[in-house]
Amino acid sequence: MTLRAEAAQRRRRLQASIGAGAAVLVLIVGVVLIVTLTGNDKKRDNTAAPASSASATPTNCQWNPSAKTGQPANPAAKDVGTPPATGEPRTGTQTMTITTNVGVVTAQIDTAKAPCTAASFTHLAGKKFFDNTPCHRLTTQGIYVLQCGDPSGTGTGGPAYQFANENLPTDKRPAYPAGTIAMANSGPDTNGSQFFIVYKDTELQPDYTVFGKVTQGLDVVQKVAEGGVDDTNGPGDGGPKTKVTIQSLTMGAPAQS
């Protein structure tokens, strides 16, 4: 019973740290996981936070400035403009190809269930936003993900806009099975460019947009995980010892499924 209680407590700590703030980087030793859109680590109690009201697909994609009015822009943000305001595909799937220095990962992106996320990735990929960027974070205890998508490599970067959640796995257990590709965020509707690849079934609060699944190359990510983590953020959380660089990320044209 003691071991189960300790495991449950550690899992709660992990989940509480998956969010990130937009302006201040707060790294708390022993509290882990996913940096977000602007990528700053800040403890957030996901167990108490309600699921986003945007779990259904938004009828219109809104590209909101990541910097709040009257506040300075995040210096780690990379401004490449915003996706088109209208006309994003809302049916079928797309193929995302992530070419890294350790292998190629391909994924099926659900354009029907996550059209805004797909549109954002299509825009950013077209601007070569992800090219020559590191996967800066790996977790190997309780939550099993490799996190990428920050051009600055610091965990604080992203684009100059953010957008709403969609396709939250509220009815799935585990919510994030192996092979899932999902968005990191700092709370409801604060998605940017940082995303995570789940390499082993992971139970998290369903607060993170699921926009695709790995179709080939999950073994590449699993091999990186086997190489270990440097524990800079606490046990089982930090930079991967096997350095991973996204050499290119491309999005195929939408196809009917």
# chains A, B, ... in the order shown; residues from 1 in each chain; ligands from 1
$ select_by_dssp --residues "range 15-233 of chain A" --states "helix (DSSP H, G or I)" --output "ChimeraX atom specification"
/A:15-16,115-126,218-226
$ write_last_selection --atoms "C-alpha atoms" --output "PDB file, in the first residue's frame"
ATOM      1  CA  GLN A  15       0.841  15.606 -14.149  1.00  0.00           C
ATOM      2  CA  ALA A  16       0.905  18.855 -12.213  1.00  0.00           C
ATOM      3  CA  PRO A 115      -8.092  20.830 -38.351  1.00  0.00           C
ATOM      4  CA  CYS A 116      -6.621  23.881 -36.612  1.00  0.00           C
ATOM      5  CA  THR A 117      -3.610  21.970 -35.319  1.00  0.00           C
ATOM      6  CA  ALA A 118      -3.092  20.444 -38.770  1.00  0.00           C
ATOM      7  CA  ALA A 119      -3.374  23.888 -40.376  1.00  0.00           C
ATOM      8  CA  SER A 120      -0.851  25.324 -37.928  1.00  0.00           C
ATOM      9  CA  PHE A 121       1.662  22.542 -38.569  1.00  0.00           C
ATOM     10  CA  THR A 122       1.186  22.898 -42.324  1.00  0.00           C
ATOM     11  CA  HIS A 123       1.915  26.619 -42.037  1.00  0.00           C
ATOM     12  CA  LEU A 124       4.928  26.216 -39.760  1.00  0.00           C
ATOM     13  CA  ALA A 125       6.376  23.350 -41.803  1.00  0.00           C
ATOM     14  CA  GLY A 126       6.056  25.469 -44.942  1.00  0.00           C
ATOM     15  CA  LEU A 218       8.103   4.709 -33.028  1.00  0.00           C
ATOM     16  CA  ASP A 219      11.076   2.411 -32.454  1.00  0.00           C
ATOM     17  CA  VAL A 220      13.306   5.419 -33.190  1.00  0.00           C
ATOM     18  CA  VAL A 221      11.782   7.308 -30.258  1.00  0.00           C
ATOM     19  CA  GLN A 222      11.862   4.244 -28.020  1.00  0.00           C
ATOM     20  CA  LYS A 223      15.560   3.817 -28.755  1.00  0.00           C
ATOM     21  CA  VAL A 224      16.175   7.433 -27.728  1.00  0.00           C
ATOM     22  CA  ALA A 225      14.323   6.724 -24.472  1.00  0.00           C
ATOM     23  CA  GLU A 226      16.461   3.648 -23.861  1.00  0.00           C
TER      24      GLU A 226
END
$ residues_around --residues "Met96 in chain A" --least-positions-apart "2" --cutoff "9 Å" --atoms "only C-alpha atoms" --output "PyMOL selection string"
chain A and resi 94+98+105-109+121+212+249-252
$ atom_distance --atom1 "CA of Asp79 in chain A" --atom2 "CA of Thr133 in chain A"
15.2 Å
$ atom_distance --atom1 "CA of Asn167 in chain A" --atom2 "CA of Ile197 in chain A"
16.0 Å
$ residues_around --residues "Gly149 in chain A" --least-positions-apart "3" --cutoff "10 Å" --atoms "only C-alpha atoms" --output "PyMOL selection string"
chain A and resi 36-37+39+129-131+133-136+152-153+155+157-159+183-184+192-196+246+249
